[in-house]
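The file model_19.cif contains mmCIF, all heavy atoms:
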data_start
#
loop_
_atom_site.label_atom_id
_atom_site.label_comp_id
_atom_site.auth_asym_id
_atom_site.auth_seq_id
_atom_site.Cartn_x
_atom_site.Cartn_y
_atom_site.Cartn_z
N MET A 20 0.84 -1.18 0.00
CA MET A 20 0.00 0.00 0.00
C MET A 20 0.89 1.25 0.00
O MET A 20 1.81 1.35 0.80
CB MET A 20 -0.91 -0.02 1.21
CG MET A 20 -1.81 1.16 1.31
SD MET A 20 -2.92 0.99 2.72
CE MET A 20 -4.22 2.00 2.18
N GLU A 21 0.61 2.16 -0.88
CA GLU A 21 1.43 3.37 -1.00
C GLU A 21 0.98 4.43 0.00
O GLU A 21 -0.19 4.55 0.33
CB GLU A 21 1.30 3.93 -2.42
CG GLU A 21 2.23 5.06 -2.67
CD GLU A 21 2.36 5.44 -4.13
OE1 GLU A 21 1.62 4.91 -4.95
OE2 GLU A 21 3.20 6.28 -4.43
N GLU A 22 1.95 5.22 0.48
CA GLU A 22 1.65 6.29 1.42
C GLU A 22 0.86 7.39 0.73
O GLU A 22 1.18 7.81 -0.38
CB GLU A 22 2.96 6.85 1.96
CG GLU A 22 2.79 7.91 3.01
CD GLU A 22 4.11 8.39 3.58
OE1 GLU A 22 5.17 8.00 3.07
OE2 GLU A 22 4.07 9.16 4.54
N MET A 23 -0.18 7.88 1.39
CA MET A 23 -1.02 8.95 0.87
C MET A 23 -0.74 10.21 1.67
O MET A 23 -0.58 10.17 2.89
CB MET A 23 -2.50 8.57 0.96
CG MET A 23 -2.84 7.29 0.21
SD MET A 23 -2.46 7.34 -1.54
CE MET A 23 -3.77 8.38 -2.14
N LEU A 24 -0.67 11.35 0.97
CA LEU A 24 -0.29 12.62 1.59
C LEU A 24 -1.33 13.70 1.33
O LEU A 24 -1.89 13.76 0.23
CB LEU A 24 1.06 13.08 1.04
CG LEU A 24 2.22 12.10 1.16
CD1 LEU A 24 3.39 12.59 0.34
CD2 LEU A 24 2.60 11.92 2.61
N ASP A 25 -1.57 14.55 2.33
CA ASP A 25 -2.37 15.74 2.10
C ASP A 25 -1.57 16.65 1.18
O ASP A 25 -0.37 16.83 1.38
CB ASP A 25 -2.64 16.49 3.41
CG ASP A 25 -3.57 15.73 4.34
OD1 ASP A 25 -4.28 14.81 3.89
OD2 ASP A 25 -3.60 16.08 5.54
N THR A 26 -2.22 17.23 0.18
CA THR A 26 -1.50 18.10 -0.76
C THR A 26 -2.05 19.53 -0.69
O THR A 26 -3.21 19.75 -0.35
CB THR A 26 -1.60 17.58 -2.21
OG1 THR A 26 -2.98 17.47 -2.57
CG2 THR A 26 -0.92 16.24 -2.36
N PHE A 27 -1.15 20.46 -1.03
CA PHE A 27 -1.46 21.88 -0.92
C PHE A 27 -0.92 22.61 -2.15
O PHE A 27 0.02 22.15 -2.79
CB PHE A 27 -0.80 22.47 0.33
CG PHE A 27 -1.23 21.77 1.59
CD1 PHE A 27 -0.60 20.62 2.02
CD2 PHE A 27 -2.30 22.25 2.33
CE1 PHE A 27 -1.00 19.96 3.17
CE2 PHE A 27 -2.72 21.60 3.47
CZ PHE A 27 -2.07 20.45 3.90
N ASP A 28 -1.52 23.76 -2.46
CA ASP A 28 -0.96 24.59 -3.53
C ASP A 28 0.14 25.46 -2.94
O ASP A 28 0.43 25.39 -1.74
CB ASP A 28 -2.05 25.40 -4.25
CG ASP A 28 -2.72 26.46 -3.38
OD1 ASP A 28 -2.21 26.79 -2.28
OD2 ASP A 28 -3.77 26.98 -3.80
N ILE A 29 0.73 26.31 -3.75
CA ILE A 29 1.86 27.13 -3.32
C ILE A 29 1.48 28.11 -2.21
O ILE A 29 2.31 28.56 -1.43
CB ILE A 29 2.50 27.86 -4.52
CG1 ILE A 29 3.88 28.36 -4.15
CG2 ILE A 29 1.59 28.97 -5.03
CD1 ILE A 29 4.73 28.75 -5.32
N ASN A 30 0.18 28.43 -2.08
CA ASN A 30 -0.30 29.34 -1.04
C ASN A 30 -0.74 28.62 0.23
O ASN A 30 -1.23 29.24 1.16
CB ASN A 30 -1.45 30.19 -1.58
CG ASN A 30 -1.00 31.08 -2.71
OD1 ASN A 30 0.02 31.75 -2.61
ND2 ASN A 30 -1.74 31.08 -3.80
N GLY A 31 -0.61 27.30 0.25
CA GLY A 31 -0.98 26.52 1.43
C GLY A 31 -2.43 26.08 1.48
O GLY A 31 -2.89 25.58 2.50
N ASN A 32 -3.16 26.26 0.39
CA ASN A 32 -4.56 25.83 0.33
C ASN A 32 -4.64 24.34 0.10
O ASN A 32 -3.98 23.81 -0.80
CB ASN A 32 -5.31 26.57 -0.78
CG ASN A 32 -5.32 28.06 -0.56
OD1 ASN A 32 -5.68 28.53 0.50
ND2 ASN A 32 -4.90 28.80 -1.57
N PHE A 33 -5.46 23.65 0.89
CA PHE A 33 -5.61 22.20 0.78
C PHE A 33 -6.23 21.83 -0.57
O PHE A 33 -7.22 22.40 -0.98
CB PHE A 33 -6.48 21.69 1.93
CG PHE A 33 -6.69 20.22 1.91
CD1 PHE A 33 -5.66 19.35 2.24
CD2 PHE A 33 -7.92 19.67 1.56
CE1 PHE A 33 -5.85 17.97 2.23
CE2 PHE A 33 -8.12 18.31 1.56
CZ PHE A 33 -7.09 17.45 1.89
N LEU A 34 -5.62 20.86 -1.26
CA LEU A 34 -6.10 20.42 -2.57
C LEU A 34 -6.74 19.03 -2.54
O LEU A 34 -7.56 18.71 -3.38
CB LEU A 34 -4.96 20.42 -3.58
CG LEU A 34 -4.32 21.77 -3.87
CD1 LEU A 34 -3.12 21.60 -4.79
CD2 LEU A 34 -5.34 22.73 -4.46
N GLY A 35 -6.30 18.21 -1.59
CA GLY A 35 -6.82 16.85 -1.52
C GLY A 35 -5.71 15.89 -1.13
O GLY A 35 -4.63 16.30 -0.71
N ILE A 36 -5.98 14.62 -1.30
CA ILE A 36 -5.03 13.58 -0.91
C ILE A 36 -4.50 12.91 -2.18
O ILE A 36 -5.28 12.51 -3.04
CB ILE A 36 -5.70 12.56 0.02
CG1 ILE A 36 -6.17 13.27 1.29
CG2 ILE A 36 -4.74 11.43 0.36
CD1 ILE A 36 -7.01 12.40 2.20
N LYS A 37 -3.18 12.81 -2.28
CA LYS A 37 -2.52 12.19 -3.43
C LYS A 37 -1.47 11.20 -2.94
O LYS A 37 -0.99 11.30 -1.82
CB LYS A 37 -1.84 13.23 -4.31
CG LYS A 37 -2.74 14.31 -4.85
CD LYS A 37 -3.59 13.81 -5.98
CE LYS A 37 -4.38 14.95 -6.58
NZ LYS A 37 -5.43 14.53 -7.45
N SER A 38 -1.06 10.31 -3.82
CA SER A 38 -0.02 9.33 -3.46
C SER A 38 1.35 10.00 -3.41
O SER A 38 1.58 11.03 -4.05
CB SER A 38 0.01 8.20 -4.48
OG SER A 38 0.47 8.69 -5.73
N ARG A 39 2.25 9.40 -2.64
CA ARG A 39 3.63 9.91 -2.55
C ARG A 39 4.28 9.93 -3.93
O ARG A 39 4.96 10.89 -4.29
CB ARG A 39 4.45 9.06 -1.59
CG ARG A 39 5.93 9.48 -1.56
CD ARG A 39 6.74 8.70 -0.57
NE ARG A 39 6.52 9.11 0.79
CZ ARG A 39 7.10 10.17 1.35
NH1 ARG A 39 7.92 10.92 0.66
NH2 ARG A 39 6.86 10.49 2.60
N SER A 40 4.07 8.90 -4.72
CA SER A 40 4.70 8.86 -6.04
C SER A 40 4.18 9.99 -6.94
O SER A 40 4.94 10.55 -7.71
CB SER A 40 4.48 7.50 -6.71
OG SER A 40 3.12 7.24 -6.92
N PHE A 41 2.90 10.34 -6.82
CA PHE A 41 2.38 11.47 -7.58
C PHE A 41 3.04 12.78 -7.13
O PHE A 41 3.47 13.58 -7.95
CB PHE A 41 0.86 11.58 -7.44
CG PHE A 41 0.29 12.79 -8.12
CD1 PHE A 41 0.03 12.77 -9.48
CD2 PHE A 41 0.06 13.97 -7.42
CE1 PHE A 41 -0.48 13.90 -10.12
CE2 PHE A 41 -0.43 15.09 -8.05
CZ PHE A 41 -0.70 15.06 -9.41
N CYS A 42 3.13 12.97 -5.80
CA CYS A 42 3.71 14.20 -5.26
C CYS A 42 5.17 14.37 -5.66
O CYS A 42 5.65 15.48 -5.81
CB CYS A 42 3.59 14.22 -3.74
SG CYS A 42 1.90 14.35 -3.15
N HIS A 43 5.88 13.25 -5.82
CA HIS A 43 7.31 13.30 -6.14
C HIS A 43 7.58 13.10 -7.63
O HIS A 43 8.74 12.99 -8.03
CB HIS A 43 8.06 12.27 -5.30
CG HIS A 43 8.13 12.65 -3.85
ND1 HIS A 43 9.27 12.55 -3.12
CD2 HIS A 43 7.19 13.15 -3.01
CE1 HIS A 43 9.03 12.96 -1.89
NE2 HIS A 43 7.78 13.33 -1.80
N SER A 44 6.53 13.08 -8.45
CA SER A 44 6.73 12.98 -9.89
C SER A 44 7.19 14.34 -10.44
O SER A 44 7.17 15.34 -9.73
CB SER A 44 5.44 12.53 -10.58
OG SER A 44 4.42 13.49 -10.41
N GLU A 45 7.59 14.36 -11.67
CA GLU A 45 8.12 15.58 -12.27
C GLU A 45 7.02 16.62 -12.45
O GLU A 45 6.01 16.38 -13.13
CB GLU A 45 8.75 15.26 -13.63
CG GLU A 45 9.50 16.42 -14.22
CD GLU A 45 10.26 16.04 -15.48
OE1 GLU A 45 10.57 14.85 -15.66
OE2 GLU A 45 10.50 16.94 -16.29
N ASN A 46 7.19 17.79 -11.82
CA ASN A 46 6.28 18.94 -11.93
C ASN A 46 4.82 18.61 -11.64
O ASN A 46 3.95 18.92 -12.46
CB ASN A 46 6.40 19.57 -13.32
CG ASN A 46 7.79 20.06 -13.62
OD1 ASN A 46 8.44 20.66 -12.76
ND2 ASN A 46 8.29 19.78 -14.80
N PRO A 47 4.48 18.04 -10.47
CA PRO A 47 3.09 17.73 -10.19
C PRO A 47 2.24 18.95 -9.86
O PRO A 47 1.02 18.91 -9.96
CB PRO A 47 3.17 16.80 -8.98
CG PRO A 47 4.40 17.25 -8.27
CD PRO A 47 5.36 17.63 -9.39
N GLY A 48 2.88 20.08 -9.45
CA GLY A 48 2.13 21.29 -9.12
C GLY A 48 1.48 21.25 -7.75
O GLY A 48 0.63 22.09 -7.46
N VAL A 49 1.85 20.29 -6.92
CA VAL A 49 1.31 20.20 -5.56
C VAL A 49 2.47 20.05 -4.58
O VAL A 49 3.57 19.67 -4.95
CB VAL A 49 0.33 19.02 -5.39
CG1 VAL A 49 -0.86 19.16 -6.31
CG2 VAL A 49 1.01 17.69 -5.60
N TYR A 50 2.19 20.36 -3.33
CA TYR A 50 3.19 20.28 -2.27
C TYR A 50 2.61 19.47 -1.12
O TYR A 50 1.40 19.40 -0.95
CB TYR A 50 3.54 21.69 -1.76
CG TYR A 50 4.07 22.57 -2.85
CD1 TYR A 50 3.21 23.33 -3.64
CD2 TYR A 50 5.43 22.64 -3.11
CE1 TYR A 50 3.70 24.13 -4.66
CE2 TYR A 50 5.93 23.44 -4.13
CZ TYR A 50 5.05 24.19 -4.90
OH TYR A 50 5.53 24.98 -5.90
N HIS A 51 3.48 18.86 -0.32
CA HIS A 51 3.04 18.22 0.92
C HIS A 51 3.95 18.71 2.04
O HIS A 51 5.07 19.15 1.80
CB HIS A 51 3.04 16.69 0.82
CG HIS A 51 4.39 16.07 0.67
ND1 HIS A 51 5.18 15.75 1.74
CD2 HIS A 51 5.08 15.69 -0.43
CE1 HIS A 51 6.31 15.22 1.30
NE2 HIS A 51 6.28 15.17 -0.02
N LYS A 52 3.45 18.67 3.25
CA LYS A 52 4.20 19.18 4.39
C LYS A 52 5.05 18.06 4.98
O LYS A 52 4.52 17.01 5.34
CB LYS A 52 3.25 19.74 5.43
CG LYS A 52 2.48 20.94 4.89
CD LYS A 52 1.53 21.51 5.91
CE LYS A 52 0.80 22.72 5.32
NZ LYS A 52 -0.09 23.34 6.28
N PRO A 53 6.36 18.28 5.06
CA PRO A 53 7.25 17.26 5.61
C PRO A 53 7.31 17.31 7.14
O PRO A 53 7.01 18.33 7.75
CB PRO A 53 8.61 17.61 5.02
CG PRO A 53 8.55 19.09 4.86
CD PRO A 53 7.11 19.41 4.51
N VAL A 54 7.71 16.22 7.72
CA VAL A 54 7.92 16.14 9.17
C VAL A 54 9.23 15.41 9.40
O VAL A 54 9.49 14.37 8.79
CB VAL A 54 6.78 15.37 9.86
CG1 VAL A 54 7.07 15.17 11.34
CG2 VAL A 54 5.45 16.08 9.68
N TRP A 55 10.08 15.96 10.27
CA TRP A 55 11.31 15.29 10.66
C TRP A 55 11.26 15.05 12.16
O TRP A 55 10.90 15.94 12.92
CB TRP A 55 12.54 16.13 10.34
CG TRP A 55 12.82 16.23 8.89
CD1 TRP A 55 13.49 15.32 8.13
CD2 TRP A 55 12.45 17.28 8.00
NE1 TRP A 55 13.56 15.75 6.82
CE2 TRP A 55 12.91 16.95 6.72
CE3 TRP A 55 11.75 18.46 8.16
CZ2 TRP A 55 12.73 17.75 5.61
CZ3 TRP A 55 11.55 19.26 7.05
CH2 TRP A 55 12.04 18.90 5.80
N ILE A 56 11.61 13.87 12.57
CA ILE A 56 11.65 13.53 13.98
C ILE A 56 13.06 13.06 14.32
O ILE A 56 13.58 12.15 13.67
CB ILE A 56 10.64 12.41 14.32
CG1 ILE A 56 9.22 12.89 13.99
CG2 ILE A 56 10.77 11.99 15.77
CD1 ILE A 56 8.17 11.81 14.11
N TRP A 57 13.68 13.69 15.31
CA TRP A 57 15.01 13.32 15.74
C TRP A 57 14.91 12.67 17.11
O TRP A 57 14.27 13.20 18.01
CB TRP A 57 15.90 14.56 15.85
CG TRP A 57 16.24 15.15 14.52
CD1 TRP A 57 15.41 15.87 13.71
CD2 TRP A 57 17.47 15.06 13.85
NE1 TRP A 57 16.07 16.24 12.58
CE2 TRP A 57 17.35 15.76 12.64
CE3 TRP A 57 18.69 14.48 14.15
CZ2 TRP A 57 18.38 15.87 11.74
CZ3 TRP A 57 19.72 14.60 13.26
CH2 TRP A 57 19.55 15.28 12.06
N ILE A 58 15.53 11.55 17.27
CA ILE A 58 15.60 10.87 18.56
C ILE A 58 17.05 10.89 19.01
O ILE A 58 17.92 10.37 18.31
CB ILE A 58 15.07 9.42 18.47
CG1 ILE A 58 13.60 9.47 18.02
CG2 ILE A 58 15.24 8.72 19.80
CD1 ILE A 58 13.02 8.12 17.73
N LYS A 59 17.29 11.50 20.15
CA LYS A 59 18.66 11.65 20.63
C LYS A 59 18.86 10.79 21.86
O LYS A 59 18.06 10.81 22.79
CB LYS A 59 18.96 13.11 20.95
CG LYS A 59 20.38 13.33 21.36
CD LYS A 59 20.66 14.79 21.58
CE LYS A 59 22.11 14.92 22.04
NZ LYS A 59 22.42 16.25 22.45
N ASN A 60 19.96 10.07 21.89
CA ASN A 60 20.32 9.26 23.02
C ASN A 60 20.97 10.15 24.06
O ASN A 60 22.02 10.73 23.82
CB ASN A 60 21.28 8.14 22.57
CG ASN A 60 21.71 7.25 23.69
OD1 ASN A 60 21.47 7.53 24.85
ND2 ASN A 60 22.32 6.14 23.33
N GLY A 61 20.37 10.26 25.24
CA GLY A 61 20.90 11.11 26.30
C GLY A 61 22.11 10.50 26.99
O GLY A 61 22.70 11.09 27.88
N GLU A 62 22.53 9.33 26.58
CA GLU A 62 23.65 8.62 27.19
C GLU A 62 24.94 8.84 26.40
O GLU A 62 25.76 7.94 26.27
CB GLU A 62 23.34 7.12 27.25
CG GLU A 62 22.10 6.76 28.02
CD GLU A 62 22.25 6.92 29.53
OE1 GLU A 62 23.36 6.65 30.02
OE2 GLU A 62 21.29 7.34 30.18
N GLY A 63 25.13 9.99 25.80
CA GLY A 63 26.34 10.25 25.03
C GLY A 63 26.24 9.69 23.63
O GLY A 63 27.20 9.12 23.12
N GLY A 64 25.08 9.86 22.99
CA GLY A 64 24.82 9.30 21.67
C GLY A 64 25.65 9.90 20.55
O GLY A 64 25.66 9.38 19.46
N GLY A 65 26.35 11.00 20.78
CA GLY A 65 27.29 11.49 19.79
C GLY A 65 26.80 12.55 18.84
O GLY A 65 27.40 12.75 17.81
N PHE A 66 25.72 13.28 19.13
CA PHE A 66 25.37 14.38 18.23
C PHE A 66 26.17 15.57 18.60
O PHE A 66 26.13 16.38 19.28
CB PHE A 66 23.89 14.71 18.27
CG PHE A 66 23.05 13.74 17.53
CD1 PHE A 66 21.71 13.62 17.84
CD2 PHE A 66 23.55 12.95 16.52
CE1 PHE A 66 20.90 12.73 17.15
CE2 PHE A 66 22.76 12.07 15.84
CZ PHE A 66 21.43 11.96 16.16
#
Any chance you could put this one into structure tokens?
Amino acid sequence: MEEMLDTFDINGNFLGIKSRSFCHSENPGVYHKPVWIWIKNGEGGGF
């Protein structure tokens, strides 16, 4: 099953839900909001 993403236009207006492959295709004209999560080891994990 492919990941589905909320999509937005350049002004942030919601357009609908599209597949990740569609969003990452050449010039789809839509954007999705990314999320990054960092997990840091408090025991001297080395960052």
Query raised in the report: Where does DSSP see alpha helix (DSSP H) in chain A, if you list the residues as a PyMOL selection string?
Result: chain A and resi 39-42
Query raised in the report: What separation in Å, quoted to one decimal, exists between atom CZ of A:Arg39 and atom CA of A:Pro53?
Result: 8.3 Å
Requested in this report: Would you work out the distance separating atom CA of A:Ile29 from atom CA of A:Ile56, expressed in Å to one decimal?
Outcome: 24.1 Å
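Applied to this file, the PyMOL selection byres ((chain A and resi 38) around 6) selects the residues A:Glu21, A:Glu22, A:Met23, A:Leu24, A:Ile36, A:Lys37, A:Arg39, A:Ser40, A:Phe41, A:Cys42, A:His43.
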Query raised in the report: In Å, how far is it from atom C of A:Phe27 to atom CB of A:Val49?
Result: 5.0 Å
